[in-house]
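> Sharing data.cif (mmCIF, C-alpha atoms) below.
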data_data
loop_
_atom_site.label_atom_id
_atom_site.label_comp_id
_atom_site.auth_asym_id
_atom_site.auth_seq_id
_atom_site.Cartn_x
_atom_site.Cartn_y
_atom_site.Cartn_z
CA MET A 1 -44.76 -49.91 62.74
CA LYS A 2 -44.12 -53.36 64.25
CA PRO A 3 -42.47 -53.28 67.72
CA GLY A 4 -39.28 -54.96 66.45
CA ARG A 5 -38.82 -52.43 63.68
CA LEU A 6 -39.69 -49.57 65.98
CA ARG A 7 -36.91 -50.69 68.31
CA ALA A 8 -34.47 -51.02 65.44
CA PHE A 9 -35.35 -47.55 64.17
CA ARG A 10 -34.94 -46.02 67.62
CA GLU A 11 -31.55 -47.67 68.17
CA ARG A 12 -30.34 -46.37 64.84
CA LEU A 13 -31.55 -42.87 65.70
CA GLU A 14 -29.45 -42.97 68.87
CA LEU A 15 -26.37 -43.77 66.81
CA VAL A 16 -26.86 -40.82 64.45
CA LEU A 17 -28.45 -38.19 66.69
CA GLY A 18 -26.94 -39.03 70.11
CA ASP A 19 -28.72 -37.31 72.98
CA ARG A 20 -31.19 -35.70 70.56
CA ALA A 21 -32.54 -39.12 69.55
CA GLU A 22 -35.29 -39.37 72.18
CA ASP A 23 -36.91 -36.05 71.21
CA ALA A 24 -36.52 -36.77 67.51
CA PHE A 25 -38.06 -40.24 67.92
CA ARG A 26 -41.08 -38.84 69.74
CA TYR A 27 -41.48 -36.04 67.23
CA LEU A 28 -41.28 -38.33 64.19
CA LEU A 29 -43.60 -40.98 65.63
CA GLU A 30 -46.08 -38.86 67.57
CA GLY A 31 -45.61 -35.24 66.54
CA ARG A 32 -48.02 -33.17 64.50
CA PRO A 33 -46.06 -31.77 61.58
CA PRO A 34 -46.25 -28.02 61.14
CA THR A 35 -47.06 -26.59 57.72
CA TYR A 36 -44.75 -24.17 55.98
CA VAL A 37 -45.22 -22.15 52.83
CA ARG A 38 -42.68 -20.57 50.55
CA VAL A 39 -43.72 -17.30 48.96
CA ASN A 40 -42.92 -17.30 45.26
CA THR A 41 -40.97 -14.10 44.72
CA LEU A 42 -41.03 -14.70 40.95
CA LYS A 43 -44.66 -13.54 41.00
CA ALA A 44 -45.17 -11.19 43.91
CA ASP A 45 -43.38 -9.61 46.82
CA VAL A 46 -43.44 -11.39 50.16
CA GLU A 47 -45.34 -8.66 51.98
CA SER A 48 -48.31 -8.56 49.63
CA VAL A 49 -48.72 -12.36 49.59
CA VAL A 50 -48.57 -12.52 53.38
CA GLU A 51 -51.14 -9.73 53.60
CA SER A 52 -53.37 -11.50 51.12
CA LEU A 53 -53.27 -14.77 53.11
CA GLU A 54 -53.83 -12.99 56.40
CA ARG A 55 -56.81 -11.05 55.06
CA ALA A 56 -58.29 -14.40 54.03
CA GLY A 57 -57.96 -15.65 57.60
CA ALA A 58 -54.54 -17.35 57.78
CA ARG A 59 -52.09 -16.75 60.61
CA LEU A 60 -48.41 -16.92 59.69
CA GLU A 61 -45.18 -16.91 61.64
CA GLU A 62 -41.82 -15.78 60.26
CA THR A 63 -38.89 -18.19 59.88
CA PRO A 64 -35.18 -17.45 59.40
CA LEU A 65 -35.72 -17.62 55.63
CA PRO A 66 -37.28 -14.32 54.52
CA TYR A 67 -39.67 -15.97 52.06
CA ALA A 68 -40.75 -18.91 54.27
CA PHE A 69 -43.53 -18.89 56.84
CA ARG A 70 -44.99 -21.34 59.29
CA VAL A 71 -48.76 -21.55 58.98
CA LEU A 72 -50.30 -21.43 62.44
CA GLU A 73 -53.91 -21.30 61.29
CA ALA A 74 -55.77 -21.32 57.97
CA PRO A 75 -59.43 -21.33 56.90
CA GLY A 76 -58.83 -24.52 54.87
CA PRO A 77 -56.08 -26.66 53.35
CA LEU A 78 -53.32 -24.48 51.93
CA GLY A 79 -53.59 -26.39 48.65
CA SER A 80 -57.13 -24.97 48.26
CA SER A 81 -56.13 -21.35 48.73
CA LEU A 82 -56.27 -18.94 45.81
CA GLU A 83 -52.64 -18.10 46.54
CA HIS A 84 -51.67 -21.73 45.93
CA VAL A 85 -53.71 -22.04 42.73
CA ALA A 86 -52.21 -18.78 41.48
CA GLY A 87 -48.66 -19.96 42.17
CA LEU A 88 -47.98 -17.28 44.77
CA ILE A 89 -47.04 -19.92 47.35
CA TYR A 90 -45.66 -23.44 47.46
CA VAL A 91 -46.46 -25.66 50.43
CA GLN A 92 -43.00 -26.94 51.34
CA ASP A 93 -41.33 -28.04 54.54
CA LEU A 94 -38.75 -25.67 55.99
CA ALA A 95 -35.96 -28.30 55.97
CA SER A 96 -36.70 -29.06 52.33
CA MET A 97 -35.93 -25.42 51.48
CA LEU A 98 -32.36 -25.84 52.73
CA PRO A 99 -30.75 -27.79 49.85
CA PRO A 100 -31.49 -25.09 47.22
CA GLU A 101 -30.41 -22.40 49.72
CA LEU A 102 -27.09 -24.17 50.27
CA LEU A 103 -26.54 -24.85 46.58
CA SER A 104 -26.84 -21.08 46.22
CA PRO A 105 -26.80 -21.00 42.41
CA GLU A 106 -25.98 -17.89 40.45
CA PRO A 107 -27.25 -17.10 36.96
CA PRO A 108 -26.64 -18.14 34.29
CA GLY A 109 -25.97 -21.50 35.96
CA PRO A 110 -26.80 -23.85 34.47
CA VAL A 111 -28.24 -25.89 37.31
CA ILE A 112 -29.19 -29.55 37.06
CA ASP A 113 -31.91 -30.74 39.42
CA ALA A 114 -31.43 -34.46 39.01
CA CYS A 115 -34.54 -35.97 40.69
CA ALA A 116 -36.72 -32.94 40.32
CA ALA A 117 -40.39 -33.98 40.59
CA PRO A 118 -42.71 -32.68 41.91
CA GLY A 119 -40.74 -29.44 41.71
CA SER A 120 -40.59 -27.81 45.15
CA LYS A 121 -36.82 -27.44 45.03
CA THR A 122 -36.74 -26.75 41.28
CA THR A 123 -39.08 -23.80 41.60
CA GLN A 124 -37.23 -22.57 44.68
CA LEU A 125 -34.00 -22.67 42.65
CA ALA A 126 -35.80 -20.69 39.95
CA GLN A 127 -36.72 -18.00 42.44
CA LEU A 128 -33.22 -17.93 43.94
CA MET A 129 -31.97 -17.30 40.37
CA GLU A 130 -34.62 -14.56 40.00
CA GLY A 131 -36.01 -16.17 36.86
CA ARG A 132 -32.68 -15.88 35.04
CA GLY A 133 -30.27 -18.47 33.64
CA VAL A 134 -31.13 -22.12 33.13
CA ILE A 135 -32.31 -24.92 35.37
CA LEU A 136 -32.57 -28.36 33.82
CA ALA A 137 -35.10 -30.29 35.90
CA VAL A 138 -34.94 -34.01 35.17
CA ASP A 139 -37.03 -36.88 36.42
CA VAL A 140 -37.42 -40.42 35.18
CA ASP A 141 -41.08 -41.04 36.06
CA PRO A 142 -43.47 -39.77 33.33
CA ARG A 143 -46.37 -39.22 35.74
CA ARG A 144 -44.22 -37.26 38.15
CA VAL A 145 -42.74 -35.26 35.27
CA ARG A 146 -46.27 -34.07 34.44
CA SER A 147 -46.74 -32.73 37.94
CA LEU A 148 -43.27 -31.15 37.77
CA ALA A 149 -44.16 -29.39 34.51
CA HIS A 150 -47.42 -28.14 36.00
CA ASN A 151 -45.71 -26.75 39.09
CA VAL A 152 -43.13 -24.98 36.93
CA GLU A 153 -46.02 -23.36 35.01
CA ARG A 154 -47.90 -22.53 38.19
CA MET A 155 -44.92 -20.83 39.73
CA GLY A 156 -44.09 -18.90 36.54
CA ALA A 157 -40.54 -20.28 36.39
CA VAL A 158 -39.39 -19.15 32.96
CA ASN A 159 -35.84 -20.35 33.56
CA VAL A 160 -36.71 -24.04 33.92
CA ILE A 161 -36.51 -26.76 31.28
CA VAL A 162 -38.44 -29.87 32.29
CA ALA A 163 -37.04 -33.09 30.87
CA ARG A 164 -37.82 -36.76 31.24
CA GLY A 165 -34.92 -39.15 31.40
CA ASP A 166 -32.58 -41.30 33.41
CA VAL A 167 -30.02 -39.00 34.97
CA THR A 168 -27.40 -41.75 34.74
CA ARG A 169 -27.53 -41.26 30.96
CA LEU A 170 -27.34 -37.49 31.03
CA ARG A 171 -24.57 -36.08 28.87
CA VAL A 172 -24.37 -32.42 29.87
CA GLY A 173 -22.36 -30.83 32.63
CA ALA A 174 -23.26 -28.01 35.03
CA PRO A 175 -21.50 -26.04 37.77
CA TYR A 176 -24.49 -26.50 40.09
CA VAL A 177 -26.12 -29.87 40.67
CA LEU A 178 -28.82 -30.80 43.14
CA LEU A 179 -29.43 -34.46 43.87
CA ASP A 180 -32.32 -35.21 46.21
CA PRO A 181 -32.87 -38.88 45.36
CA PRO A 182 -35.77 -41.12 46.38
CA CYS A 183 -35.22 -42.35 49.95
CA THR A 184 -36.94 -44.23 52.77
CA GLY A 185 -38.26 -40.94 54.16
CA GLU A 186 -37.40 -41.55 57.82
CA GLY A 187 -37.44 -37.81 58.35
CA THR A 188 -41.07 -37.61 57.22
CA PHE A 189 -42.54 -40.39 59.36
CA HIS A 190 -44.68 -37.82 61.21
CA ARG A 191 -46.59 -36.94 58.05
CA ASP A 192 -46.16 -39.99 55.84
CA PRO A 193 -47.75 -43.11 57.35
CA HIS A 194 -46.82 -45.15 54.27
CA ALA A 195 -43.11 -44.42 54.72
CA ARG A 196 -43.44 -45.28 58.41
CA GLU A 197 -45.36 -48.52 57.95
CA THR A 198 -43.19 -49.88 55.14
CA TRP A 199 -39.81 -49.06 56.68
CA THR A 200 -37.41 -51.96 57.08
CA PRO A 201 -33.61 -52.15 57.29
CA ARG A 202 -33.80 -54.02 53.98
CA LYS A 203 -35.62 -51.12 52.34
CA VAL A 204 -32.82 -48.84 53.54
CA ARG A 205 -30.26 -51.00 51.74
CA ARG A 206 -32.37 -51.10 48.58
CA PHE A 207 -32.64 -47.30 48.41
CA ALA A 208 -28.94 -46.93 49.22
CA ARG A 209 -28.01 -48.88 46.08
CA LYS A 210 -30.17 -46.60 43.93
CA GLN A 211 -28.80 -43.46 45.59
CA GLU A 212 -25.22 -44.61 45.01
CA ARG A 213 -25.93 -45.18 41.32
CA LEU A 214 -27.44 -41.69 41.02
CA LEU A 215 -24.69 -39.90 42.93
CA ARG A 216 -21.99 -41.69 40.93
CA ALA A 217 -23.70 -40.43 37.77
CA VAL A 218 -24.12 -36.80 38.78
CA VAL A 219 -20.66 -36.35 40.27
CA ARG A 220 -19.24 -36.69 36.79
CA LEU A 221 -21.41 -33.78 35.58
CA LEU A 222 -19.53 -31.41 37.87
CA PRO A 223 -16.65 -29.35 36.39
CA PRO A 224 -13.75 -28.11 38.53
CA GLY A 225 -15.10 -25.37 40.81
CA GLY A 226 -18.61 -26.85 40.61
CA ARG A 227 -20.90 -27.47 43.56
CA LEU A 228 -23.22 -30.38 44.25
CA VAL A 229 -25.75 -30.69 47.04
CA TYR A 230 -26.73 -34.21 48.04
CA SER A 231 -29.79 -34.28 50.27
CA THR A 232 -32.32 -36.78 51.52
CA CYS A 233 -35.29 -36.61 53.88
CA THR A 234 -33.96 -39.66 55.67
CA LEU A 235 -31.55 -40.13 58.54
CA SER A 236 -29.90 -43.51 57.95
CA PRO A 237 -26.11 -43.47 57.37
CA GLU A 238 -26.49 -46.13 54.66
CA GLU A 239 -28.49 -43.68 52.53
CA ASN A 240 -26.27 -40.73 53.33
CA GLU A 241 -22.65 -40.84 54.53
CA LEU A 242 -22.03 -44.35 53.19
CA VAL A 243 -23.37 -43.41 49.74
CA ILE A 244 -21.06 -40.41 49.59
CA HIS A 245 -18.11 -42.35 50.96
CA ARG A 246 -18.56 -45.16 48.45
CA VAL A 247 -18.77 -42.74 45.53
CA LEU A 248 -16.05 -40.26 46.50
CA GLY A 249 -13.76 -42.58 48.48
CA GLU A 250 -10.73 -40.51 49.43
CA ASP A 251 -10.76 -38.65 46.08
CA GLU A 252 -9.13 -35.30 46.86
CA ARG A 253 -10.63 -33.59 43.83
CA PHE A 254 -13.76 -33.29 45.92
CA ARG A 255 -14.34 -31.74 49.33
CA ILE A 256 -17.38 -31.62 51.54
CA VAL A 257 -17.77 -28.12 52.94
CA ASP A 258 -19.63 -26.73 55.92
CA ALA A 259 -22.13 -24.34 54.35
CA ARG A 260 -24.58 -24.08 57.27
CA PRO A 261 -25.74 -20.56 58.04
CA ARG A 262 -25.32 -19.55 61.68
CA TRP A 263 -29.05 -19.70 62.49
CA LEU A 264 -29.23 -23.33 61.40
CA ARG A 265 -26.30 -24.68 63.45
CA PRO A 266 -28.18 -25.27 66.73
CA HIS A 267 -30.71 -27.41 64.84
CA THR A 268 -28.16 -29.74 63.25
CA VAL A 269 -25.88 -32.65 64.06
CA PRO A 270 -22.58 -33.13 62.15
CA GLY A 271 -22.25 -36.03 59.72
CA LEU A 272 -20.63 -39.28 60.81
CA THR A 273 -16.99 -40.08 60.03
CA GLU A 274 -17.27 -43.63 61.32
CA TRP A 275 -19.96 -46.27 61.01
CA GLU A 276 -19.94 -49.80 62.39
CA GLY A 277 -16.22 -49.69 63.00
CA ARG A 278 -15.42 -48.41 59.53
CA GLU A 279 -13.70 -45.07 59.02
CA LEU A 280 -15.26 -42.74 56.47
CA ARG A 281 -14.04 -39.58 54.75
CA ARG A 282 -13.12 -37.10 57.46
CA ASP A 283 -14.79 -34.16 55.73
CA LEU A 284 -18.16 -35.94 56.11
CA ARG A 285 -18.26 -34.15 59.47
CA ASN A 286 -19.14 -31.05 57.39
CA ALA A 287 -22.29 -32.76 56.16
CA PHE A 288 -25.16 -32.60 58.64
CA ARG A 289 -28.54 -33.84 59.75
CA VAL A 290 -31.38 -31.50 60.57
CA ASP A 291 -32.83 -32.41 63.96
CA PRO A 292 -36.57 -32.42 63.19
CA ALA A 293 -37.67 -31.89 66.79
CA SER A 294 -35.42 -28.86 67.12
CA LEU A 295 -36.27 -27.11 63.84
CA ARG A 296 -39.92 -28.31 63.94
CA SER A 297 -39.48 -29.68 60.42
CA ASP A 298 -38.77 -32.86 58.52
CA GLY A 299 -35.54 -34.67 59.33
CA PHE A 300 -32.99 -34.09 56.59
CA PHE A 301 -29.43 -34.97 55.65
CA ILE A 302 -27.48 -32.50 53.55
CA ALA A 303 -23.94 -32.56 52.15
CA VAL A 304 -22.45 -29.73 50.10
CA ILE A 305 -19.78 -31.21 47.84
CA GLU A 306 -17.40 -29.01 45.87
CA ARG A 307 -15.06 -30.06 43.12
CA VAL A 308 -11.72 -28.39 43.72
CA PRO A 309 -10.97 -25.77 41.01
CA MET B 1 -40.50 -19.17 21.82
CA ARG B 2 -42.50 -22.14 20.57
CA LEU B 3 -42.29 -25.69 21.87
CA GLU B 4 -44.43 -28.40 20.30
CA GLY B 5 -46.54 -25.67 18.71
CA GLU B 6 -47.20 -23.78 21.96
CA ARG B 7 -46.21 -20.20 22.62
CA ARG B 8 -44.20 -20.07 25.83
CA ALA B 9 -42.42 -17.53 28.00
CA VAL B 10 -38.85 -18.59 28.75
CA SER B 11 -35.66 -16.86 29.84
CA ARG B 12 -33.23 -15.91 27.08
CA GLU B 13 -30.72 -18.49 28.31
CA VAL B 14 -33.34 -21.25 28.23
CA ALA B 15 -34.13 -20.54 24.59
CA ALA B 16 -30.43 -21.01 23.77
CA ALA B 17 -29.98 -24.06 26.01
CA LEU B 18 -32.89 -25.92 24.41
CA ARG B 19 -30.93 -26.09 21.17
CA ASP B 20 -27.95 -27.63 22.99
CA LEU B 21 -29.99 -30.36 24.65
CA GLU B 22 -30.31 -32.50 21.56
CA GLY B 23 -28.30 -35.64 22.20
CA ALA B 24 -27.97 -34.88 25.90
CA GLY B 25 -29.76 -38.07 26.87
CA VAL B 26 -33.07 -36.55 27.98
CA SER B 27 -36.34 -35.74 26.31
CA VAL B 28 -37.56 -32.18 26.81
CA VAL B 29 -41.16 -32.10 28.03
CA SER B 30 -41.70 -28.38 28.53
CA ALA B 31 -39.96 -25.14 29.30
CA GLY B 32 -41.10 -22.02 31.09
CA VAL B 33 -44.74 -20.96 31.03
CA ARG B 34 -47.45 -21.53 28.43
CA ILE B 35 -49.02 -18.32 27.20
CA ASP B 36 -51.79 -19.39 24.77
CA PRO B 37 -53.33 -16.80 22.43
CA GLU B 38 -53.35 -13.31 23.94
CA ASP B 39 -57.11 -13.01 23.57
CA ARG B 40 -57.59 -16.33 25.42
CA PRO B 41 -54.62 -16.42 27.78
CA GLY B 42 -53.74 -19.26 30.12
CA PHE B 43 -54.24 -18.40 33.78
CA TYR B 44 -50.49 -18.39 34.42
CA ALA B 45 -49.69 -16.14 31.47
CA ALA B 46 -50.59 -12.98 33.42
CA PRO B 47 -47.05 -11.79 34.16
CA PHE B 48 -46.06 -12.03 30.51
CA LEU B 49 -48.90 -10.19 28.80
CA ASP B 50 -49.78 -6.54 28.64
CA LEU B 51 -53.44 -6.72 29.65
CA PRO B 52 -55.80 -4.42 31.54
CA THR B 53 -56.39 -5.37 35.17
CA LEU B 54 -59.77 -6.52 36.46
CA GLU B 55 -60.14 -6.14 40.22
CA LEU B 56 -62.17 -8.94 41.81
CA GLU B 57 -63.40 -10.04 45.19
CA ARG B 58 -61.86 -13.29 46.44
CA GLU B 59 -65.13 -15.17 46.03
CA GLU B 60 -65.53 -13.92 42.45
CA LEU B 61 -62.15 -15.36 41.46
CA ALA B 62 -62.99 -18.62 43.21
CA GLU B 63 -66.25 -18.77 41.21
CA ALA B 64 -64.39 -18.08 37.97
CA ILE B 65 -62.04 -21.00 38.73
CA ARG B 66 -64.99 -23.27 39.52
CA GLY B 67 -66.47 -22.62 36.09
CA GLY B 68 -67.27 -18.97 35.54
CA THR B 69 -68.78 -15.91 37.14
CA ARG B 70 -70.65 -12.89 35.85
CA VAL B 71 -68.66 -9.67 36.13
CA ARG B 72 -69.16 -6.04 35.17
CA ALA B 73 -66.49 -5.69 32.54
CA ALA B 74 -66.28 -5.39 28.78
CA PRO B 75 -65.53 -8.59 26.86
CA GLY B 76 -61.82 -9.26 26.51
CA ALA B 77 -58.74 -10.65 28.27
CA TYR B 78 -57.66 -9.33 31.67
CA LYS B 79 -55.15 -9.72 34.44
CA LEU B 80 -57.17 -10.78 37.47
CA SER B 81 -56.31 -9.11 40.71
CA VAL B 82 -57.61 -9.49 44.26
CA ARG B 83 -56.91 -6.40 46.38
CA GLY B 84 -53.99 -5.39 44.20
CA VAL B 85 -52.35 -8.82 43.99
CA VAL B 86 -52.35 -10.24 40.46
CA MET B 87 -53.47 -13.85 40.65
CA GLY B 88 -53.74 -14.84 37.00
CA ALA B 89 -55.30 -14.07 33.65
CA GLY B 90 -58.74 -14.77 32.25
CA ARG B 91 -61.28 -13.73 29.66
CA VAL B 92 -64.68 -12.11 29.86
CA GLY B 93 -66.91 -13.45 27.09
CA GLU B 94 -69.65 -11.68 25.14
CA ASP B 95 -72.06 -13.17 27.71
CA GLY B 96 -70.35 -11.19 30.51
CA ILE B 97 -68.99 -14.36 32.14
CA LEU B 98 -65.39 -14.43 33.33
CA ARG B 99 -63.68 -17.75 32.70
CA VAL B 100 -60.13 -18.92 33.34
CA ARG B 101 -58.05 -21.67 31.77
CA LEU B 102 -56.78 -23.95 34.51
CA PRO B 103 -56.56 -27.72 35.06
CA ARG B 104 -59.98 -29.11 35.98
CA LYS B 105 -58.75 -30.36 39.37
CA TYR B 106 -58.87 -26.82 40.74
CA ALA B 107 -62.58 -26.47 39.92
CA ARG B 108 -63.31 -29.32 42.34
CA LEU B 109 -61.58 -27.73 45.32
CA ARG B 110 -63.32 -25.83 48.11
CA LEU B 111 -61.32 -22.73 47.31
CA TRP B 112 -60.75 -20.06 49.92
#
Render the structure in this file as structure tokens.


Amino acid sequence: MKPGRLRAFRERLELVLGDRAEDAFRYLLEGRPPTYVRVNTLKADVESVVESLERAGARLEETPLPYAFRVLEAPGPLGSSLEHVAGLIYVQDLASMLPPELLSPEPPGPVIDACAAPGSKTTQLAQLMEGRGVILAVDVDPRRVRSLAHNVERMGAVNVIVARGDVTRLRVGAPYVLLDPPCTGEGTFHRDPHARETWTPRKVRRFARKQERLLRAVVRLLPPGGRLVYSTCTLSPEENELVIHRVLGEDERFRIVDARPRWLRPHTVPGLTEWEGRELRRDLRNAFRVDPASLRSDGFFIAVIERVP
Amino acid sequence: MRLEGERRAVSREVAAALRDLEGAGVSVVSAGVRIDPEDRPGFYAAPFLDLPTLELEREELAEAIRGGTRVRAAPGAYKLSVRGVVMGAGRVGEDGILRVRLPRKYARLRLW
């Protein structure tokens, strides 16, 4: 990243993460990202999959999520393990497992996963629903839809419908909606050199426009009492709080709730309610950023939005 | 259920929802898991078929994924298990070779 952009990125981090910014900056620019796997409980129990990996030479460490493990050591890339090929595990960052956890869907749903490819969160939703009910996994990109469909097969997710289409044209509603739109990926700079090298403030604004269009579209799919999780693996307010504020305004039919489990709280920073002198919705303080250096994960922003019954 | 001529395992609710998706503004690409004929099952069909279990060493399954491996088993379709963990389904041919139906990309990996 060019020195000027690096400085701009660091200054922005200080505004959103405060005294955690220095550690986060170092972690995202210099850190070695840990690998996490999610055990697919649709196919096997956690214990037997862990045993199988350990017998093959992997060393795993527990996380607060009972089905997620940090991989300390492995005989080869996790994507080349028999457990991966068989769909017993999904290589997925710990922070990326949080949006489905916080959506907390119950069968029969339905659930709409609005930007679903390649399917990490879709298949996690399927396992949280224990293979019951319906998840409609939609993505607009035909190539990415193919990989989504394959991952749904691999993980044995019988409760998932894979569909190609523009979510802004979707004409079905659902009480659970997950929107994890394309973003600049600031929270993945430590493992995505492309995201790091192509980052510019202008790119942030470009993604923000797309995210606003998508959020505006999916909010209308939510019936009273419904729940929507908006998440990104980026930290910029323009792609997060400002998108939500522009779409929801002060609309009281919606509320942003604090759904963080206790174990997660020390690894998070509350959402902003003010940016560049402009006041935002007050309940945005219930949204949060995951501090990547603290959780040893990707940086993430998550907001749980409920439509008042 | 059948989707574009394929036999697939889906939840009961998915089968009903598929009918309601016409005119919803999306085009359905797939649903659930492809089963294929029971005598030549897809690798991922294992949980949905009542098949005998063939216990394998890790390396044997890796060989089967790379293209095929000779096993001591009667011809037919099996659930393939490594130390009690079912990994997938495959078929032993008349030639005694176990083969599995998986995307070709997996055959090129250095499986472990």

> Between B:Leu56, B:Ala62, B:Ala45, B:Leu98, single out the one closest to Gly76 (chain B), counting all atoms listed in the file.

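Among the listed residues, B:Leu98 lies closest to Gly76 (chain B).
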
> Do you have the CA of Arg55 (chain A)-CA of Arg110 (chain B) distance handy?

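One can read the CA of Arg55 (chain A) to CA of Arg110 (chain B) distance as 17.6 Å.
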
> Within 6 Å of chain B, which residues of chain A come that close, and what is the closest atom pair and distance in Å for each? Count all atoms listed in the file and give it as a tab-separated table.


residue	atom	partner	partner_atom	distance
A:Ser80	CA	B:Leu111	CA	4.8
A:Ser81	CA	B:Trp112	CA	4.9
A:Ala86	CA	B:Met87	CA	5.2
A:Gly133	CA	B:Glu13	CA	5.3
A:Val134	CA	B:Val14	CA	5.4
A:Glu153	CA	B:Val33	CA	4.8
A:Gly156	CA	B:Val33	CA	5.9
A:Ala157	CA	B:Gly32	CA	5.6
A:Val158	CA	B:Gly32	CA	3.8
A:Asn159	CA	B:Ser11	CA	5.1
A:Val160	CA	B:Gly32	CA	5.6
A:Ile161	CA	B:Ala31	CA	4.3
A:Val162	CA	B:Ser30	CA	5.2
A:Ala163	CA	B:Val28	CA	4.2
A:Arg164	CA	B:Ser27	CA	5.2
A:Gly165	CA	B:Val26	CA	4.7
A:Arg169	CA	B:Gly25	CA	5.6
A:Leu170	CA	B:Gly25	CA	4.8
A:Arg171	CA	B:Ala24	CA	4.7
A:Val172	CA	B:Ala24	CA	5.9

> Apply the PyMOL selection byres ((chain B and resi 53) around 7) to the file shown and report the selected residues as an MDAnalysis selection string.

chainID B and resid 51:52 54:55 78:81

> Hey, what's within 8 Å of region 75-78 of chain A if we count only C-alpha atoms and toss same-chain stuff fewer than 6 positions away? As a list in words, please?

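Here the answer would be Ala56, Gly57, Ala58, His84 and Val91 of chain A; Trp112 of chain B.
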
> Quote the spacing between CA of Arg20 (chain A) and CA of Ala293 (chain A) in Å to one decimal place.

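That distance, rounded to one decimal, is 8.4 Å.
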
> Applying the PyMOL selection byres ((chain A and resi 309) around 10) to the file I just gave you, which residues come out? Please list them as a list in words.

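So the PyMOL selection byres ((chain A and resi 309) around 10), applied here, picks out Pro223, Pro224, Gly225, Gly226, Arg253, Phe254, Glu306, Arg307 and Val308 of chain A.
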
> Find, counting all atoms listed in the file, the residue in A:Ser96, A:Thr200, A:Thr184, A:Ser236 that gets nearest to Arg38 (chain A).

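Among the listed residues, the smallest separation from Arg38 (chain A) belongs to A:Ser96.
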
> Name the residues that the PyMOL selection byres ((chain A and resi 95) around 12) picks from the file above, as a ChimeraX atom specification, using the file's chain letters and numbers.

/A:34-38,63-65,68,70,92-94,96-102,120-121,187-188,231-234,264,267-268,288-302

> What lies within 10 Å of Val71 (chain B) using only C-alpha atoms, ignoring chain neighbours under 4 positions off, as a list in words?

Leu54, Leu56, Glu60, Ala64, Pro75, Val92, Gly93, Asp95, Gly96, Ile97 and Leu98 of chain B
